[in-house]
Structure formats: structure tokens, C-alpha cells
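Let me begin by presenting the structure, written as C-alpha cells, before commenting on it.
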Amino acid sequence: MNKHNAQKVTFRTCNFNLASHQKAFIHLIATYMHDPMGDAPPLDEGQKQQMISALAKHPSVLTIFVLFEGGYAGLAVAFINYSTFKAAHYLNVHDLVIDPKFRNKKLGRLLLNYLIDLAMERQYCKITLEVRNDNHIAQGLYRSLDFTECQPPMLFWEKLL
């Protein structure tokens with residue numbers, strides 16, 4: 001991205017009480033879910049509203065929009081956690097999405113750099129994220145920003161309820 005484009009980029013913390021932020025958040029999450037790397041069925045209207053309400057009340061959520069030329073181009077949903085092994089807080093990036101119409105402008109890189117700077121400013125010990133095994137584009141971005149596989153390698157497990 002050239003310097004001119006970087007000047008068109010801003011970051012904004014999501015305020016779940018603002019209708020415009022709710023609308024942008026829901027649009028970007030739906031875009032991510034619809035993407036082959038999200039591969040999830042859409043949420044119904046009740047689920048969308050429940051998600052907004054729950055995140056608005058969540059004590060450790062950090063949700064950042066990336067705006068490009070005034071439009072909501074992307075989103076990071078992260079949670080502040082605590083490492084007992086490091087005795088320090090850390091940031092876990094749960095969702096990172098760039099709207100397809102804004103891709104190839106290095107906005108994902110700028111958004112992650114924003115989160116890295118914020119975590120360093122707050123003296124967090126690390127940033128974690130999960131990435132699909134087949135999402136080579138995201139893995140390339142993460143590697144270029146010095147993210148590495150955990151040592152020893154970790155598996156992300158789940159129990160659906």
C-alpha cells in the first residue's frame with residue numbers, strides 16, 4: 001500500500017450502542033461466515049441481535065473496525081485474556097475479516113499492525129489467533145508479521161454443546 005492509501009485508512013473501536021456500528025458489524029461477520037474460510041450458515045435475526053447484545057456486555061471484548069475511504073472495510077474481534085504461565089494479559093484475535101470488495105489493499109496487515117501496537121502499548125505478553133489449515137493466504141499474512149505456530153504445536157479442540 002502506498003502512503004496515499006494509508007492516509008485513507010482509519011481504525012475505530014466498535015460501539016455496540018450505535019446502530020451504524022451494529023449494522024457494519026453484522027454485515028462484516030455475515031461476510032466472513034459466507035466466505036469459504038468462514039464456511040458457516042448465516043445467523044437468523046434473533047441470533048444477530050443476541051450476538052450484538054452479548055458482545056456489548058462482554059467484559060473483555062475488543063472490536064476494531066478498519067475504515068477505508070470512510071467505508072467499513074474490515075473488522076477484528078479480539079478478547080483480552082490472561083496467561084498464567086506469563087503472569088500477564090494477552091490478546092486473542094477471534095475474528096479477522098476484510099470485506100471482499102476492499103481486499104488486496106493491505107488492510108488486514110494494517111489492522112493486525114494496529115492490534116500489535118495496541119497490545120505492546122498495553123504491555124500484553126502475546127497475541128494469539130487461530131487459522132484454518134487450508135487458509136494459506138491468512139497464514140502468509142501472519143507469518144509475514146512474525147506470527148508462528150506455537151511451540152510445542154497446539155491443537156484447537158472443541159466440544160459442541
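The chains in the C-alpha cells are called A, B, ... from first to last as shown; in each chain the residues are counted from 1, and the ligands are counted from 1 in the order shown.
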With only C-alpha atoms as the counted atoms, please give the residues lying no more than 10 Å from region 93-110 of chain A, apart from itself and same-chain residues fewer than 6 positions off, as an MDAnalysis selection string. chainID A and resid 1:2 5:6 9:11 27:33 35 38 61:68 71:80 116 127:131 138 141:142 144:145
For the structure I just gave you, how does DSSP split chain A - specifically, which residues are alpha helix (DSSP H)? Reply as JSON, numbers by chain. {"A": [3, 4, 5, 6, 19, 20, 21, 22, 23, 24, 25, 26, 27, 28, 29, 30, 31, 32, 33, 34, 45, 46, 47, 48, 49, 50, 51, 52, 53, 54, 55, 56, 57, 107, 108, 109, 110, 111, 112, 113, 114, 115, 116, 117, 118, 119, 120, 121, 136, 137, 138, 139, 140, 141, 142, 143, 144]}
Counting only C-alpha atoms, figure out which residue out of A:Arg143, A:His58, A:Arg122, A:Arg132 gets nearest to Phe156 (chain A).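 Ranked by minimum distance to Phe156 (chain A), first place goes to A:Arg132.
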Taking the chain letters and numbering used in this document, name the residues of chain A that DSSP puts in strand (DSSP E or B), as JSON, numbers by chain. {"A": [9, 10, 11, 12, 13, 61, 62, 63, 64, 65, 66, 67, 68, 71, 72, 73, 74, 75, 76, 77, 78, 79, 80, 81, 82, 83, 88, 89, 90, 91, 92, 93, 94, 95, 96, 97, 98, 127, 128, 129]}
Go ahead and write the residues just picked, C-alpha atoms, as a PDB file, in the first residue's frame.
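Written output follows (selection.pdb):
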```pdb
ATOM      1  CA  VAL A   9      -7.298   4.187   6.476  1.00  0.00           C
ATOM      2  CA  THR A  10      -8.629   4.766   9.982  1.00  0.00           C
ATOM      3  CA  PHE A  11      -9.430   2.496  12.895  1.00  0.00           C
ATOM      4  CA  ARG A  12     -12.438   2.769  15.154  1.00  0.00           C
ATOM      5  CA  THR A  13     -13.470   0.820  18.227  1.00  0.00           C
ATOM      6  CA  VAL A  61     -14.071  -7.855  24.082  1.00  0.00           C
ATOM      7  CA  LEU A  62     -12.029  -5.579  21.846  1.00  0.00           C
ATOM      8  CA  THR A  63     -13.668  -4.963  18.484  1.00  0.00           C
ATOM      9  CA  ILE A  64     -11.919  -2.751  15.961  1.00  0.00           C
ATOM     10  CA  PHE A  65     -13.167  -1.620  12.557  1.00  0.00           C
ATOM     11  CA  VAL A  66     -10.806  -0.700   9.763  1.00  0.00           C
ATOM     12  CA  LEU A  67     -12.311   2.030   7.614  1.00  0.00           C
ATOM     13  CA  PHE A  68     -11.065   2.710   4.111  1.00  0.00           C
ATOM     14  CA  GLY A  71     -16.375   2.763   4.450  1.00  0.00           C
ATOM     15  CA  TYR A  72     -16.365  -0.129   6.936  1.00  0.00           C
ATOM     16  CA  ALA A  73     -13.804  -2.324   5.194  1.00  0.00           C
ATOM     17  CA  GLY A  74     -12.916  -4.835   7.883  1.00  0.00           C
ATOM     18  CA  LEU A  75     -13.172  -5.955  11.446  1.00  0.00           C
ATOM     19  CA  ALA A  76     -11.175  -7.625  14.189  1.00  0.00           C
ATOM     20  CA  VAL A  77     -12.935  -9.228  17.130  1.00  0.00           C
ATOM     21  CA  ALA A  78     -10.485  -9.959  19.922  1.00  0.00           C
ATOM     22  CA  PHE A  79     -10.666 -10.873  23.580  1.00  0.00           C
ATOM     23  CA  ILE A  80      -8.308  -9.871  26.346  1.00  0.00           C
ATOM     24  CA  ASN A  81      -7.189 -12.969  28.222  1.00  0.00           C
ATOM     25  CA  TYR A  82      -4.666 -13.764  30.913  1.00  0.00           C
ATOM     26  CA  SER A  83      -1.666 -16.082  30.687  1.00  0.00           C
ATOM     27  CA  ALA A  88       0.345 -11.173  32.031  1.00  0.00           C
ATOM     28  CA  HIS A  89      -2.577 -10.278  29.817  1.00  0.00           C
ATOM     29  CA  TYR A  90      -2.659 -11.222  26.152  1.00  0.00           C
ATOM     30  CA  LEU A  91      -4.882 -10.602  23.171  1.00  0.00           C
ATOM     31  CA  ASN A  92      -6.667 -13.407  21.341  1.00  0.00           C
ATOM     32  CA  VAL A  93      -7.870 -12.454  17.872  1.00  0.00           C
ATOM     33  CA  HIS A  94     -11.045 -14.459  17.321  1.00  0.00           C
ATOM     34  CA  ASP A  95     -12.232 -12.998  14.012  1.00  0.00           C
ATOM     35  CA  LEU A  96     -10.374 -11.033  11.379  1.00  0.00           C
ATOM     36  CA  VAL A  97     -12.270 -10.151   8.220  1.00  0.00           C
ATOM     37  CA  ILE A  98     -11.800  -7.802   5.322  1.00  0.00           C
ATOM     38  CA  ILE A 127      -1.191 -12.116  20.650  1.00  0.00           C
ATOM     39  CA  THR A 128      -2.808 -15.403  19.716  1.00  0.00           C
ATOM     40  CA  LEU A 129      -5.054 -16.330  16.846  1.00  0.00           C
TER      41      LEU A 129
END
```
Applying 12 Å and only C-alpha atoms, which residues near Gln50 (chain A) remain after dropping the ones on its own chain fewer than 5 positions away? List them as a ChimeraX atom specification. /A:16,22,26,43-45,55-57
